[in-house]
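Here is the file model.csv (CSV, C-alpha atoms).
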chain,number,residue,atom,x,y,z
A,1,TRP,CA,113.5,-88.8,16.4
A,2,ALA,CA,114.1,-92.2,17.8
A,3,THR,CA,111.3,-93.8,15.9
A,4,LEU,CA,110.7,-97.0,13.9
A,5,MET,CA,109.1,-96.5,10.5
A,6,PHE,CA,108.1,-98.8,7.7
A,7,PHE,CA,105.5,-99.0,4.9
A,8,CYS,CA,102.5,-101.1,5.9
A,9,ASP,CA,101.3,-102.3,2.5
A,10,TYR,CA,104.2,-101.8,0.2
A,11,GLN,CA,103.6,-103.6,-3.1
A,12,GLY,CA,106.7,-102.9,-5.1
A,13,PRO,CA,107.6,-100.1,-7.6
A,14,GLY,CA,104.2,-100.2,-9.2
A,15,GLY,CA,102.4,-99.4,-5.9
A,16,ASN,CA,98.8,-100.2,-5.3
A,17,SER,CA,95.8,-99.3,-7.4
A,18,HIS,CA,95.0,-96.2,-5.2
A,19,GLY,CA,98.5,-94.7,-5.7
A,20,ILE,CA,99.0,-94.3,-2.0
A,21,GLU,CA,101.2,-96.1,0.5
A,22,ARG,CA,100.8,-96.1,4.2
A,23,LEU,CA,103.8,-95.3,6.4
A,24,ALA,CA,103.7,-96.5,10.0
A,25,ILE,CA,105.6,-94.5,12.6
A,26,PHE,CA,106.3,-96.0,16.0
A,27,GLY,CA,107.7,-94.4,19.1
A,28,GLY,CA,106.9,-91.7,21.7
A,29,ARG,CA,104.4,-89.0,20.9
A,30,ALA,CA,107.0,-86.2,20.3
A,31,GLY,CA,109.2,-88.5,18.2
A,32,ARG,CA,106.2,-89.7,16.1
A,33,THR,CA,105.1,-86.1,15.5
A,34,GLY,CA,108.6,-84.9,14.6
A,35,ALA,CA,109.1,-87.7,12.2
A,36,GLU,CA,105.7,-87.3,10.6
A,37,LEU,CA,106.4,-83.6,10.0
A,38,LYS,CA,109.7,-84.4,8.4
A,39,VAL,CA,108.0,-86.9,6.1
A,40,MET,CA,105.3,-84.3,5.3
A,41,ALA,CA,108.0,-81.7,4.5
A,42,ALA,CA,109.7,-84.1,2.1
A,43,ILE,CA,106.5,-84.9,0.3
A,44,GLU,CA,105.5,-81.3,0.1
A,45,THR,CA,108.8,-80.6,-1.6
A,46,LYS,CA,108.0,-83.2,-4.3
A,47,ILE,CA,104.3,-82.2,-4.6
A,48,PRO,CA,103.9,-78.6,-3.6
A,49,GLY,CA,100.5,-77.9,-1.9
A,50,TYR,CA,99.8,-81.5,-1.0
A,51,TYR,CA,99.5,-80.6,2.7
A,52,THR,CA,99.5,-76.8,2.6
A,53,SER,CA,97.1,-75.8,-0.1
A,54,ASP,CA,94.5,-74.8,2.5
A,55,ALA,CA,97.0,-73.9,5.3
A,56,ARG,CA,95.9,-71.1,7.6
A,57,ASP,CA,97.1,-69.4,10.7
A,58,GLU,CA,95.7,-71.7,13.3
A,59,CYS,CA,96.2,-71.9,17.1
A,60,SER,CA,94.8,-74.8,19.0
A,61,THR,CA,93.8,-74.5,22.7
A,62,GLU,CA,94.5,-78.2,23.3
A,63,GLU,CA,97.3,-79.1,25.7
A,64,TRP,CA,99.0,-81.1,23.0
A,65,ALA,CA,98.5,-80.2,19.4
A,66,ARG,CA,100.0,-78.7,16.3
A,67,ASP,CA,99.6,-75.1,15.2
A,68,THR,CA,100.3,-73.7,11.7
A,69,LEU,CA,101.6,-70.3,10.5
A,70,PRO,CA,101.9,-69.7,6.7
A,71,LEU,CA,105.1,-67.7,5.7
A,72,GLY,CA,106.0,-65.8,2.6
A,73,ASP,CA,109.0,-66.9,0.5
A,74,GLU,CA,111.4,-64.3,2.0
A,75,GLU,CA,110.1,-65.0,5.5
A,76,LEU,CA,110.7,-68.7,5.0
A,77,SER,CA,114.3,-68.2,3.9
A,78,PHE,CA,114.9,-65.9,6.9
A,79,ALA,CA,113.2,-68.3,9.3
A,80,LEU,CA,115.1,-71.3,8.0
A,81,GLY,CA,118.6,-70.0,8.1
A,82,LYS,CA,121.7,-71.6,6.6
A,83,ASP,CA,121.3,-75.4,6.7
A,84,GLY,CA,118.2,-74.9,8.9
A,85,SER,CA,120.2,-73.3,11.7
A,86,THR,CA,117.5,-70.7,12.6
A,87,ARG,CA,114.7,-73.2,12.6
A,88,LYS,CA,116.7,-75.5,14.9
A,89,LYS,CA,117.6,-72.6,17.2
A,90,LEU,CA,114.0,-71.6,17.7
A,91,ALA,CA,113.0,-75.2,18.2
A,92,ARG,CA,115.7,-75.7,20.9
A,93,ALA,CA,114.9,-72.5,22.7
A,94,SER,CA,111.2,-72.9,22.7
A,95,GLY,CA,111.1,-76.7,23.4
A,96,CYS,CA,108.7,-77.0,20.5
A,97,ILE,CA,108.8,-79.3,17.5
A,98,LEU,CA,109.1,-76.8,14.7
A,99,GLU,CA,109.1,-77.8,11.0
A,100,TYR,CA,108.5,-76.0,7.8
A,101,VAL,CA,106.2,-77.9,5.4
A,102,GLY,CA,106.4,-76.0,2.2
A,103,ASN,CA,105.9,-72.4,3.2
A,104,CYS,CA,104.0,-73.2,6.3
A,105,ALA,CA,105.5,-73.4,9.8
A,106,TYR,CA,104.1,-76.3,11.9
A,107,MET,CA,104.6,-76.0,15.6
A,108,ALA,CA,103.8,-79.1,17.6
A,109,GLY,CA,104.0,-79.9,21.3
A,110,SER,CA,102.5,-78.6,24.6
A,111,LEU,CA,100.5,-75.4,24.7
A,112,PRO,CA,103.3,-73.4,26.4
A,113,ALA,CA,105.9,-74.7,24.0
A,114,ARG,CA,103.8,-73.7,21.0
A,115,LYS,CA,103.2,-70.3,22.4
A,116,ARG,CA,106.9,-69.7,22.8
A,117,ALA,CA,107.7,-70.9,19.3
A,118,ARG,CA,105.0,-68.7,17.8
A,119,ASP,CA,106.3,-65.7,19.8
A,120,TYR,CA,109.9,-66.3,18.8
A,121,LEU,CA,109.1,-66.8,15.2
A,122,THR,CA,107.0,-63.6,15.2
A,123,TRP,CA,109.8,-61.6,16.7
A,124,LEU,CA,112.3,-63.0,14.3
A,125,MET,CA,110.1,-62.0,11.4
A,126,LYS,CA,109.8,-58.4,12.8
A,127,GLN,CA,113.6,-58.1,12.9
A,128,ARG,CA,113.7,-58.4,9.1
A,129,SER,CA,112.3,-54.9,8.6
A,130,GLY,CA,112.3,-53.1,11.9
A,131,THR,CA,112.9,-53.1,15.7
A,132,VAL,CA,111.3,-55.3,18.3
A,133,TYR,CA,110.1,-54.4,21.8
A,134,VAL,CA,108.8,-57.1,24.1
A,135,ASP,CA,106.6,-56.8,27.2
A,136,CYS,CA,108.4,-59.2,29.5
A,137,GLU,CA,106.0,-58.7,32.4
A,138,GLY,CA,104.7,-62.1,33.6
A,139,ARG,CA,106.9,-64.2,31.2
A,140,THR,CA,108.8,-67.1,32.7
A,141,ASP,CA,111.0,-67.8,29.6
A,142,VAL,CA,113.1,-64.6,29.5
A,143,THR,CA,116.2,-63.3,31.2
A,144,VAL,CA,117.0,-59.6,30.7
A,145,VAL,CA,120.5,-58.2,30.7
A,146,GLU,CA,120.5,-54.4,31.3
A,147,ILE,CA,123.1,-52.7,29.2
A,148,PRO,CA,125.0,-49.8,30.9
A,149,HIS,CA,124.2,-46.4,29.4
A,150,ASP,CA,127.8,-45.5,29.0
A,151,LEU,CA,128.7,-48.6,27.0
A,152,GLU,CA,129.9,-47.5,23.6
A,153,THR,CA,128.9,-49.2,20.3
A,154,VAL,CA,126.5,-51.7,21.9
A,155,ALA,CA,126.0,-53.4,18.5
A,156,SER,CA,129.7,-54.1,18.2
A,157,VAL,CA,129.6,-56.0,21.6
A,158,PHE,CA,126.7,-58.1,20.6
A,159,LYS,CA,127.1,-58.2,16.8
A,160,SER,CA,125.2,-60.9,14.9
A,161,MET,CA,127.9,-63.6,15.0
A,162,ALA,CA,128.5,-63.0,18.7
A,163,LEU,CA,124.8,-63.5,19.5
A,164,ARG,CA,124.6,-66.6,17.3
A,165,GLY,CA,127.5,-68.1,19.2
A,166,ILE,CA,125.8,-67.5,22.6
A,167,GLU,CA,122.6,-69.0,21.2
A,168,GLN,CA,124.4,-72.0,19.9
A,169,GLU,CA,126.3,-72.6,23.2
A,170,THR,CA,123.3,-72.1,25.5
A,171,ARG,CA,120.3,-73.3,23.4
A,172,THR,CA,118.6,-69.8,23.7
A,173,PHE,CA,117.2,-67.1,21.4
A,174,CYS,CA,118.8,-63.7,22.0
A,175,PHE,CA,118.4,-60.2,20.5
A,176,LEU,CA,118.9,-56.6,21.4
A,177,GLU,CA,115.6,-54.8,22.1
A,178,GLY,CA,114.8,-51.8,19.9
A,179,ASN,CA,117.6,-50.1,18.0
A,180,ALA,CA,120.6,-52.4,18.2
A,181,SER,CA,123.1,-49.5,18.3
A,182,LYS,CA,121.4,-47.8,21.2
A,183,SER,CA,119.7,-50.8,22.9
A,184,GLU,CA,119.4,-50.8,26.7
A,185,ARG,CA,118.4,-54.4,27.0
A,186,LEU,CA,119.6,-57.8,25.7
A,187,LEU,CA,116.7,-60.2,25.8
A,188,ILE,CA,117.5,-63.9,26.3
A,189,PHE,CA,114.6,-66.3,25.7
A,190,GLY,CA,114.4,-70.0,26.3
A,191,GLN,CA,112.5,-72.7,28.1
A,192,ASP,CA,115.4,-73.7,30.4
A,193,ARG,CA,116.4,-71.2,33.1
A,194,ASN,CA,119.9,-72.7,33.5
A,195,CYS,CA,120.6,-72.1,29.8
A,196,ARG,CA,119.4,-68.5,30.0
A,197,GLU,CA,121.6,-67.9,33.1
A,198,LYS,CA,124.6,-69.3,31.2
A,199,ALA,CA,123.8,-67.0,28.3
A,200,ARG,CA,123.5,-64.1,30.8
A,201,THR,CA,126.9,-64.9,32.3
A,202,ILE,CA,128.5,-64.8,28.9
A,203,ALA,CA,126.8,-61.6,28.0
A,204,LEU,CA,127.9,-59.8,31.2
A,205,GLU,CA,131.5,-60.9,30.6
A,206,LYS,CA,131.4,-59.4,27.1
A,207,ILE,CA,130.1,-56.1,28.6
A,208,ARG,CA,132.8,-56.2,31.3
A,209,LEU,CA,135.5,-56.6,28.8
A,210,LYS,CA,134.2,-53.8,26.6
A,211,ILE,CA,134.0,-51.4,29.6
A,212,ASP,CA,137.6,-52.3,30.6
A,213,LEU,CA,138.7,-51.6,27.1
A,214,GLN,CA,136.9,-48.2,27.2
A,215,GLU,CA,138.5,-47.2,30.5
A,216,HIS,CA,141.9,-48.6,29.7
A,217,PRO,CA,142.5,-48.3,25.9
A,218,PRO,CA,145.6,-50.0,24.5

Target encoding structure tokens, full file:
Amino acid sequence: WATLMFFCDYQGPGGNSHGIERLAIFGGRAGRTGAELKVMAAIETKIPGYYTSDARDECSTEEWARDTLPLGDEELSFALGKDGSTRKKLARASGCILEYVGNCAYMAGSLPARKRARDYLTWLMKQRSGTVYVDCEGRTDVTVVEIPHDLETVASVFKSMALRGIEQETRTFCFLEGNASKSERLLIFGQDRNCREKARTIALEKIRLKIDLQEHPP
């Protein structure tokens, strides 16, 4: 996070009489916030509930703030991903600082970034047990790829690993709307339009190759 951190009043292994040490974090606002949440996550792992015993679903209306969203154990595992890959993906796409402190998601940054992060996390959770449909009207963070009706086995074109590869390469969050095997739209979300357009180009090429294969089988 490009910050400088040190303990302000460190008194050795025995600590002070209050049992608390103060950690100073220096740097830009985003960097300080990201580093603080990382430290909080580490402490929460050692002392469960230290920060999250009273955590609630909270959304601030301030331009810069941090919101919270408690998650269940299975939801947390799904939202974290292998080696934190899913969390990092949502953070990159939304432009929001996203960290899990215990079983609570902390979303920090500007109001639009926090809104994107909450939306992306909510849609991700819905994918665990069902289909997701999104009203894209008025959104400025989405690019829609229309899928031809005659495209066979849509899910095989955009299978999980293929979408993860697109997301990794373009810093986006992508999923097939509705039933994956019969979907008519690939939704590409992200704060950066250029990244979304790059993802769209890759997706259209995959569709073109699949149609060519249908029309001219080997």

Using all atoms listed in the file: which of A:Tyr120, A:Phe7, A:Trp64, A:Tyr106 has the shortest distance to Arg92 in chain A: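 Ranked by minimum distance to Arg92 in chain A, first place goes to A:Tyr120.
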
Range 27-30 of chain A surroundings by all atoms listed in the file, 12 Å radius, close-in-sequence under 3 positions cut, as a PyMOL selection string: chain A and resi 1-5+24+33-37+64-66+95-98+107-110

Quick one: which range 37-128 of chain A residues come within 12 Å of range 186-203 of chain A, and what is the nearest atom pair for each with the distance in Å to one decimal, counting all atoms listed in the file, rows ordered by chain and ascending number, as a Markdown table?
| residue | atom | partner | partner_atom | distance |
| --- | --- | --- | --- | --- |
| A:Lys89 | CA | A:Gly190 | CA | 10.0 |
| A:Leu90 | CA | A:Gly190 | CA | 8.8 |
| A:Ala91 | CA | A:Gly190 | CA | 9.7 |
| A:Arg92 | CA | A:Gly190 | CA | 8.0 |
| A:Ala93 | CA | A:Gly190 | CA | 4.4 |
| A:Ser94 | CA | A:Gln191 | CA | 5.6 |
| A:Gly95 | CA | A:Gln191 | CA | 6.3 |
| A:Cys96 | CA | A:Gln191 | CA | 9.5 |
| A:Pro112 | CA | A:Gln191 | CA | 9.4 |
| A:Ala113 | CA | A:Gln191 | CA | 8.0 |
| A:Arg114 | CA | A:Gln191 | CA | 11.3 |
| A:Lys115 | CA | A:Gln191 | CA | 11.2 |
| A:Arg116 | CA | A:Gln191 | CA | 8.3 |
| A:Ala117 | CA | A:Gly190 | CA | 9.7 |
| A:Asp119 | CA | A:Phe189 | CA | 10.2 |
| A:Tyr120 | CA | A:Phe189 | CA | 8.3 |
| A:Leu121 | CA | A:Phe189 | CA | 11.9 |
| A:Trp123 | CA | A:Phe189 | CA | 11.2 |

For CA of Asn103 in chain A and CA of Leu69 in chain A, the interatomic separation in Å (one decimal): 8.7 Å

Atomic separation - CA of Glu99 in chain A relative to CA of Arg87 in chain A, Å: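 CA of Glu99 in chain A lies 7.4 Å from CA of Arg87 in chain A.
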
Length of the CA of Ala55 in chain A to CA of Ala42 in chain A vector [Å]: 16.6 Å

Residue list as a PyMOL selection string for point (115.7, -51.0, 14.0), cut-off 9 Å, all atoms listed in the file: chain A and resi 127+129-132+177-181

Spatial neighbours of Gly72 in chain A, 12 Å, all atoms listed in the file, chain gap at least 2 places, as a ChimeraX atom specification: /A:69-70,74-80,100,102-105,125

Pick from A:Val101, A:Val39, A:Leu163, A:Ile25, whichever lies nearest to Thr52 in chain A using only C-alpha atoms: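 Comparing A:Val101, A:Val39, A:Leu163, A:Ile25 against Thr52 in chain A, the winner is A:Val101.
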
Which of A:Cys59, A:Leu151, A:Ile43, A:Ile20 sits closest to Ile211 in chain A [using only C-alpha atoms]: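 Checking each candidate against Ile211 in chain A, we get A:Leu151 as the closest.
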
Best match for closeness to Cys174 in chain A among A:Leu124, A:Leu213, A:Cys8, A:Ile147, counting only C-alpha atoms: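 Closest residue, counting only C-alpha atoms: A:Leu124.
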
Nearest residue to Asp150 in chain A from the set A:Arg56, A:Arg22, A:Lys210, A:Arg171 (distances using all atoms listed in the file):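 The answer is A:Lys210, which sits nearest to Asp150 in chain A.
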
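When all atoms listed in the file are used to compute distances to His149 in chain A, the closest of the residues A:Ile207, A:Ile166, A:Met161, A:Val134 turns out to be A:Ile207.
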